[in-house]
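To be precise, the following lines are work_23.pdb, and they hold PDB, C-alpha atoms, pLDDT in the B column.
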```pdb
ATOM      1  CA  ARG A   1      77.397 110.432 111.366  1.00 35.00           C
ATOM      2  CA  VAL A   2      78.879 108.265 108.656  1.00 40.00           C
ATOM      3  CA  ASP A   3      82.406 109.532 108.157  1.00 46.00           C
ATOM      4  CA  CYS A   4      83.470 106.931 105.635  1.00 45.00           C
ATOM      5  CA  LEU A   5      81.262 108.190 102.828  1.00 47.00           C
ATOM      6  CA  MET A   6      82.950 110.514 100.394  1.00 47.00           C
ATOM      7  CA  ASP A   7      81.525 113.536  98.693  1.00 48.00           C
ATOM      8  CA  SER A   8      80.522 112.261  95.260  1.00 46.00           C
ATOM      9  CA  SER A   9      82.376 115.164  93.649  1.00 47.00           C
ATOM     10  CA  ALA A  10      85.697 114.107  95.199  1.00 53.00           C
ATOM     11  CA  THR A  11      86.921 112.374  92.042  1.00 52.00           C
ATOM     12  CA  VAL A  12      85.159 114.466  89.391  1.00 55.00           C
ATOM     13  CA  ASP A  13      88.322 116.124  88.079  1.00 76.00           C
ATOM     14  CA  LYS A  14      90.738 113.407  89.098  1.00 87.00           C
ATOM     15  CA  ASN A  15      91.574 110.912  86.409  1.00 92.00           C
ATOM     16  CA  ILE A  16      94.003 108.066  87.024  1.00 94.00           C
ATOM     17  CA  SER A  17      92.874 105.879  84.124  1.00 92.00           C
ATOM     18  CA  GLY A  18      95.286 103.139  83.258  1.00 92.00           C
ATOM     19  CA  LYS A  19      96.962 103.175  86.674  1.00 97.00           C
ATOM     20  CA  VAL A  20      97.135  99.969  88.710  1.00 97.00           C
ATOM     21  CA  VAL A  21      96.603 100.341  92.442  1.00 98.00           C
ATOM     22  CA  VAL A  22      97.288  97.373  94.680  1.00 98.00           C
ATOM     23  CA  LEU A  23      95.241  98.131  97.784  1.00 98.00           C
ATOM     24  CA  GLY A  24      96.433  96.299 100.882  1.00 98.00           C
ATOM     25  CA  ILE A  25      94.092  95.947 103.827  1.00 98.00           C
ATOM     26  CA  SER A  26      95.247  94.727 107.229  1.00 96.00           C
ATOM     27  CA  GLY A  27      93.198  93.613 110.217  1.00 94.00           C
ATOM     28  CA  SER A  28      91.746  96.779 111.703  1.00 92.00           C
ATOM     29  CA  ILE A  29      88.155  97.741 112.405  1.00 91.00           C
ATOM     30  CA  ALA A  30      88.820 100.552 109.911  1.00 95.00           C
ATOM     31  CA  ALA A  31      89.015  97.926 107.140  1.00 96.00           C
ATOM     32  CA  TYR A  32      85.386  98.671 106.285  1.00 95.00           C
ATOM     33  CA  LYS A  33      86.483 102.071 104.942  1.00 95.00           C
ATOM     34  CA  ALA A  34      88.441 100.278 102.226  1.00 97.00           C
ATOM     35  CA  ALA A  35      85.131  99.704 100.443  1.00 97.00           C
ATOM     36  CA  ASP A  36      84.694 103.438  99.841  1.00 97.00           C
ATOM     37  CA  LEU A  37      88.361 103.835  98.959  1.00 98.00           C
ATOM     38  CA  THR A  38      88.151 101.019  96.408  1.00 98.00           C
ATOM     39  CA  SER A  39      85.047 102.557  94.887  1.00 97.00           C
ATOM     40  CA  GLU A  40      86.578 106.037  94.614  1.00 97.00           C
ATOM     41  CA  LEU A  41      89.792 104.747  93.053  1.00 98.00           C
ATOM     42  CA  ARG A  42      87.738 102.870  90.449  1.00 97.00           C
ATOM     43  CA  LYS A  43      85.558 105.917  89.734  1.00 96.00           C
ATOM     44  CA  ALA A  44      88.753 107.850  89.005  1.00 96.00           C
ATOM     45  CA  GLY A  45      89.746 105.184  86.468  1.00 96.00           C
ATOM     46  CA  ALA A  46      92.257 103.086  88.397  1.00 97.00           C
ATOM     47  CA  ASP A  47      92.412  99.324  88.055  1.00 97.00           C
ATOM     48  CA  VAL A  48      92.261  98.212  91.711  1.00 97.00           C
ATOM     49  CA  PHE A  49      93.512  94.873  92.999  1.00 96.00           C
ATOM     50  CA  VAL A  50      92.719  94.262  96.662  1.00 97.00           C
ATOM     51  CA  VAL A  51      95.039  92.201  98.843  1.00 96.00           C
ATOM     52  CA  MET A  52      93.890  91.395 102.372  1.00 96.00           C
ATOM     53  CA  SER A  53      95.601  89.957 105.401  1.00 95.00           C
ATOM     54  CA  GLU A  54      93.756  87.005 106.875  1.00 94.00           C
ATOM     55  CA  SER A  55      92.695  89.106 109.862  1.00 95.00           C
ATOM     56  CA  ALA A  56      91.264  91.805 107.554  1.00 96.00           C
ATOM     57  CA  THR A  57      88.761  89.248 106.255  1.00 96.00           C
ATOM     58  CA  ARG A  58      87.253  89.182 109.769  1.00 96.00           C
ATOM     59  CA  PHE A  59      86.240  92.837 109.381  1.00 95.00           C
ATOM     60  CA  ILE A  60      85.100  93.028 105.746  1.00 96.00           C
ATOM     61  CA  ALA A  61      84.240  90.288 103.273  1.00 96.00           C
ATOM     62  CA  PRO A  62      86.513  89.775 100.264  1.00 96.00           C
ATOM     63  CA  LEU A  63      83.362  89.443  98.117  1.00 96.00           C
ATOM     64  CA  THR A  64      82.433  93.054  98.887  1.00 96.00           C
ATOM     65  CA  LEU A  65      85.820  94.277  97.698  1.00 97.00           C
ATOM     66  CA  ALA A  66      85.860  91.977  94.659  1.00 96.00           C
ATOM     67  CA  THR A  67      82.498  93.399  93.596  1.00 96.00           C
ATOM     68  CA  LEU A  68      83.628  97.001  94.071  1.00 97.00           C
ATOM     69  CA  SER A  69      87.038  96.517  92.435  1.00 96.00           C
ATOM     70  CA  ARG A  70      85.768  94.176  89.701  1.00 96.00           C
ATOM     71  CA  ASN A  71      88.880  92.075  90.258  1.00 94.00           C
ATOM     72  CA  PRO A  72      89.642  88.964  92.301  1.00 92.00           C
ATOM     73  CA  VAL A  73      90.755  89.619  95.883  1.00 93.00           C
ATOM     74  CA  THR A  74      93.912  87.960  97.174  1.00 92.00           C
ATOM     75  CA  THR A  75      93.823  86.828 100.802  1.00 91.00           C
ATOM     76  CA  SER A  76      96.657  84.302 100.971  1.00 85.00           C
ATOM     77  CA  PHE A  77      99.500  82.748  99.049  1.00 78.00           C
ATOM     78  CA  TRP A  78      97.170  79.798  98.420  1.00 69.00           C
ATOM     79  CA  ASP A  79      94.925  81.941  96.194  1.00 64.00           C
ATOM     80  CA  GLU A  80      97.646  81.971  93.574  1.00 55.00           C
ATOM     81  CA  ASP A  81      96.927  79.116  91.191  1.00 55.00           C
ATOM     82  CA  SER A  82      96.043  80.994  88.006  1.00 55.00           C
ATOM     83  CA  GLY A  83      99.395  80.882  86.217  1.00 52.00           C
ATOM     84  CA  TRP A  84     103.051  80.087  86.377  1.00 43.00           C
ATOM     85  CA  GLN A  85     104.117  83.339  88.067  1.00 52.00           C
ATOM     86  CA  PRO A  86     103.260  83.719  91.755  1.00 53.00           C
ATOM     87  CA  GLY A  87     100.313  86.106  92.039  1.00 71.00           C
ATOM     88  CA  HIS A  88     101.940  88.343  94.616  1.00 78.00           C
ATOM     89  CA  ILE A  89     104.951  88.877  92.331  1.00 86.00           C
ATOM     90  CA  ASP A  90     102.669  89.620  89.388  1.00 88.00           C
ATOM     91  CA  LEU A  91     100.795  92.227  91.444  1.00 93.00           C
ATOM     92  CA  ALA A  92     104.056  93.704  92.743  1.00 94.00           C
ATOM     93  CA  ASP A  93     105.292  94.060  89.158  1.00 94.00           C
ATOM     94  CA  ARG A  94     102.054  95.544  87.794  1.00 94.00           C
ATOM     95  CA  ALA A  95     101.467  98.084  90.560  1.00 97.00           C
ATOM     96  CA  ASP A  96     101.793 101.786  89.895  1.00 98.00           C
ATOM     97  CA  LEU A  97     101.058 102.275  93.601  1.00 98.00           C
ATOM     98  CA  PHE A  98     101.016  99.950  96.597  1.00 98.00           C
ATOM     99  CA  LEU A  99      98.545 101.553  98.990  1.00 98.00           C
ATOM    100  CA  VAL A 100      97.945 100.020 102.415  1.00 98.00           C
ATOM    101  CA  ALA A 101      94.880 101.348 104.226  1.00 98.00           C
ATOM    102  CA  PRO A 102      94.425 100.558 107.019  1.00 97.00           C
ATOM    103  CA  ALA A 103      97.851  99.451 108.185  1.00 98.00           C
ATOM    104  CA  THR A 104      98.077  97.988 111.682  1.00 96.00           C
ATOM    105  CA  ALA A 105     101.085  98.170 114.000  1.00 97.00           C
ATOM    106  CA  ASN A 106     101.804  94.547 113.116  1.00 97.00           C
ATOM    107  CA  GLN A 107     101.805  95.292 109.391  1.00 97.00           C
ATOM    108  CA  LEU A 108     104.122  98.266 109.866  1.00 98.00           C
ATOM    109  CA  ALA A 109     106.499  96.051 111.858  1.00 98.00           C
ATOM    110  CA  ASN A 110     106.486  93.409 109.119  1.00 97.00           C
ATOM    111  CA  PHE A 111     107.292  96.011 106.465  1.00 98.00           C
ATOM    112  CA  ALA A 112     109.978  97.744 108.535  1.00 98.00           C
ATOM    113  CA  ASN A 113     111.693  94.466 109.386  1.00 97.00           C
ATOM    114  CA  GLY A 114     111.474  92.910 105.926  1.00 96.00           C
ATOM    115  CA  GLN A 115     109.178  90.111 107.008  1.00 96.00           C
ATOM    116  CA  ALA A 116     106.666  88.499 104.688  1.00 93.00           C
ATOM    117  CA  PRO A 117     104.404  86.219 106.729  1.00 92.00           C
ATOM    118  CA  ASP A 118     101.489  87.223 104.499  1.00 93.00           C
ATOM    119  CA  VAL A 119     100.826  88.402 100.959  1.00 94.00           C
ATOM    120  CA  LEU A 120     100.986  92.077 101.984  1.00 96.00           C
ATOM    121  CA  GLY A 121     104.523  91.668 103.295  1.00 96.00           C
ATOM    122  CA  ALA A 122     105.601  89.785 100.188  1.00 95.00           C
ATOM    123  CA  ILE A 123     104.224  92.462  97.856  1.00 96.00           C
ATOM    124  CA  TYR A 124     105.889  95.192  99.905  1.00 97.00           C
ATOM    125  CA  LEU A 125     109.265  93.470  99.528  1.00 97.00           C
ATOM    126  CA  ALA A 126     108.809  92.694  95.829  1.00 95.00           C
ATOM    127  CA  THR A 127     107.325  95.910  94.446  1.00 97.00           C
ATOM    128  CA  ARG A 128     109.309  98.797  93.070  1.00 97.00           C
ATOM    129  CA  ALA A 129     106.191 100.974  92.918  1.00 98.00           C
ATOM    130  CA  PRO A 130     105.723 103.885  95.320  1.00 98.00           C
ATOM    131  CA  VAL A 131     104.302 102.804  98.679  1.00 98.00           C
ATOM    132  CA  LEU A 132     101.659 104.818 100.519  1.00 98.00           C
ATOM    133  CA  ILE A 133     100.494 103.753 103.981  1.00 98.00           C
ATOM    134  CA  ALA A 134      97.576 104.936 106.110  1.00 98.00           C
ATOM    135  CA  PRO A 135      98.058 103.584 109.652  1.00 97.00           C
ATOM    136  CA  ALA A 136      95.169 102.892 112.030  1.00 95.00           C
ATOM    137  CA  MET A 137      95.467 101.550 115.566  1.00 93.00           C
ATOM    138  CA  ASN A 138      95.052 102.294 119.242  1.00 88.00           C
ATOM    139  CA  GLY A 139      96.729 105.589 120.128  1.00 86.00           C
ATOM    140  CA  ARG A 140      99.040 104.012 122.688  1.00 88.00           C
ATOM    141  CA  MET A 141     100.169 101.505 120.087  1.00 90.00           C
ATOM    142  CA  PHE A 142     100.767 104.305 117.594  1.00 93.00           C
ATOM    143  CA  ASP A 143     102.788 106.313 120.138  1.00 92.00           C
ATOM    144  CA  HIS A 144     104.871 103.339 121.287  1.00 96.00           C
ATOM    145  CA  ALA A 145     108.586 103.699 120.615  1.00 98.00           C
ATOM    146  CA  ALA A 146     108.634 100.515 118.507  1.00 98.00           C
ATOM    147  CA  THR A 147     105.880 101.752 116.201  1.00 97.00           C
ATOM    148  CA  GLN A 148     107.478 105.179 115.915  1.00 97.00           C
ATOM    149  CA  ARG A 149     110.801 103.535 115.052  1.00 98.00           C
ATOM    150  CA  ASN A 150     109.100 101.410 112.368  1.00 98.00           C
ATOM    151  CA  LEU A 151     107.475 104.517 110.891  1.00 98.00           C
ATOM    152  CA  LYS A 152     110.855 106.266 110.791  1.00 98.00           C
ATOM    153  CA  ILE A 153     112.523 103.273 109.115  1.00 98.00           C
ATOM    154  CA  LEU A 154     109.830 103.194 106.457  1.00 98.00           C
ATOM    155  CA  GLN A 155     109.998 106.951 105.886  1.00 98.00           C
ATOM    156  CA  GLU A 156     113.753 106.670 105.401  1.00 98.00           C
ATOM    157  CA  ARG A 157     113.059 104.088 102.689  1.00 97.00           C
ATOM    158  CA  GLY A 158     110.815 106.542 100.858  1.00 97.00           C
ATOM    159  CA  VAL A 159     107.445 105.265 102.031  1.00 98.00           C
ATOM    160  CA  ARG A 160     104.807 107.999 102.184  1.00 98.00           C
ATOM    161  CA  PHE A 161     102.132 108.210 104.865  1.00 98.00           C
ATOM    162  CA  VAL A 162      98.666 109.573 105.390  1.00 97.00           C
ATOM    163  CA  ASP A 163      98.833 110.142 109.127  1.00 94.00           C
ATOM    164  CA  PRO A 164      96.052 108.913 111.402  1.00 93.00           C
ATOM    165  CA  ILE A 165      93.778 111.468 113.003  1.00 87.00           C
ATOM    166  CA  VAL A 166      92.439 112.139 116.478  1.00 75.00           C
ATOM    167  CA  GLY A 167      89.025 110.681 117.124  1.00 67.00           C
ATOM    168  CA  GLU A 168      87.036 108.029 118.904  1.00 67.00           C
ATOM    169  CA  LEU A 169      88.800 104.693 118.559  1.00 58.00           C
ATOM    170  CA  ALA A 170      87.213 101.247 118.450  1.00 62.00           C
ATOM    171  CA  CYS A 171      88.775 100.432 121.842  1.00 59.00           C
ATOM    172  CA  GLY A 172      86.729 103.216 123.429  1.00 62.00           C
ATOM    173  CA  TYR A 173      89.617 105.648 123.791  1.00 62.00           C
ATOM    174  CA  GLU A 174      89.650 109.092 122.271  1.00 68.00           C
ATOM    175  CA  GLY A 175      92.944 110.031 120.669  1.00 60.00           C
ATOM    176  CA  MET A 176      95.397 109.657 117.812  1.00 70.00           C
ATOM    177  CA  GLY A 177      95.154 106.488 115.758  1.00 76.00           C
ATOM    178  CA  LYS A 178      91.923 106.737 113.788  1.00 86.00           C
ATOM    179  CA  LEU A 179      92.294 106.068 110.068  1.00 93.00           C
ATOM    180  CA  ALA A 180      92.533 109.278 108.039  1.00 95.00           C
ATOM    181  CA  ALA A 181      89.480 110.298 106.046  1.00 95.00           C
ATOM    182  CA  VAL A 182      88.983 108.326 102.849  1.00 97.00           C
ATOM    183  CA  THR A 183      89.059 111.608 100.908  1.00 97.00           C
ATOM    184  CA  ASP A 184      92.515 112.422 102.293  1.00 97.00           C
ATOM    185  CA  ILE A 185      93.841 108.951 101.460  1.00 98.00           C
ATOM    186  CA  PHE A 186      92.407 109.148  97.946  1.00 98.00           C
ATOM    187  CA  ASN A 187      93.887 112.612  97.384  1.00 97.00           C
ATOM    188  CA  GLU A 188      97.341 111.482  98.495  1.00 97.00           C
ATOM    189  CA  ALA A 189      97.104 108.404  96.237  1.00 98.00           C
ATOM    190  CA  TYR A 190      96.097 110.672  93.364  1.00 97.00           C
ATOM    191  CA  SER A 191      99.053 112.938  94.099  1.00 96.00           C
ATOM    192  CA  VAL A 192     101.480 110.007  93.963  1.00 97.00           C
ATOM    193  CA  LEU A 193      99.977 108.587  90.771  1.00 96.00           C
ATOM    194  CA  SER A 194      99.812 111.881  88.910  1.00 91.00           C
ATOM    195  CA  GLY A 195     103.163 113.236  90.103  1.00 80.00           C
TER     196      GLY A 195
END
```

What is this structure when it is put down as structure tokens?
Amino acid sequence: RVDCLMDSSATVDKNISGKVVVLGISGSIAAYKAADLTSELRKAGADVFVVMSESATRFIAPLTLATLSRNPVTTSFWDEDSGWQPGHIDLADRADLFLVAPATANQLANFANGQAPDVLGAIYLATRAPVLIAPAMNGRMFDHAATQRNLKILQERGVRFVDPIVGELACGYEGMGKLAAVTDIFNEAYSVLSG
């Protein structure tokens, strides 16, 4: 069963033309699902700019996402040599939505604690756009008190979430922590952008 493929009718009546989505991808095995998410956002008319943590590039190639988004992919601060304004600040300013899917426990901790060791953290701190996060990780990591505290901190700041689901995890466990269905993430992004 391929659960990452969306029903082709998912975006038929959903138009987000002219909206800029900055799609953050952190280092989870679920990063491969970002390809479908990128494609569906583009089909609905969004201009998608993908930003990847270095570890995310171990799971899916930036070239794949550049081809699907039709925009350059940012993977580090060192990619930013195209103009006078730092690229991460430009993306933070242009975003109508900062969507992070998948978001690892490490990425959630960076966001919650105001740390910017990578481009994702810097965009999170700099953007004034709505933030939508779809976590994905081992169930024990998700349930840990530190992760739950980070989720609560982010919720209190107005961050919205697409909760992970129960399923078979890459570590071999069965439980909470699997990335939500691409359709559910897309629908929540659409809701934020059209609201």

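The interatomic distance for the pair CA of Ala129 in chain A and CA of Phe98 in chain A works out to 6.4 Å.
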
Given the PyMOL selection byres ((chain A and resi 95-97) around 12) and the file above, list the residues it selects as a PyMOL selection string. chain A and resi 16-24+41+46-50+88-94+98-100+123-124+126-133+159-160+186+188-195

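Taking CA of Met176 in chain A and CA of Asp163 in chain A as the two end points, the separation is 9.4 Å.
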
Residue nearest Leu125 in chain A - candidates A:Leu154, A:Arg140, A:Asn106, A:Phe161, atoms counted: all atoms listed in the file: A:Leu154

Identify all residues satisfying the PyMOL selection byres ((chain A and resi 29-38) around 8) in the given file; provide them as a PyMOL selection string. chain A and resi 4-6+23+25-28+39-42+48+56+59-60+64-65+68-69+101-102+136+170+178-179+182+185-186

If you measure from CA of Asn110 in chain A to CA of Glu156 in chain A, what distance in Å do you get, rounded to one decimal? 15.6 Å
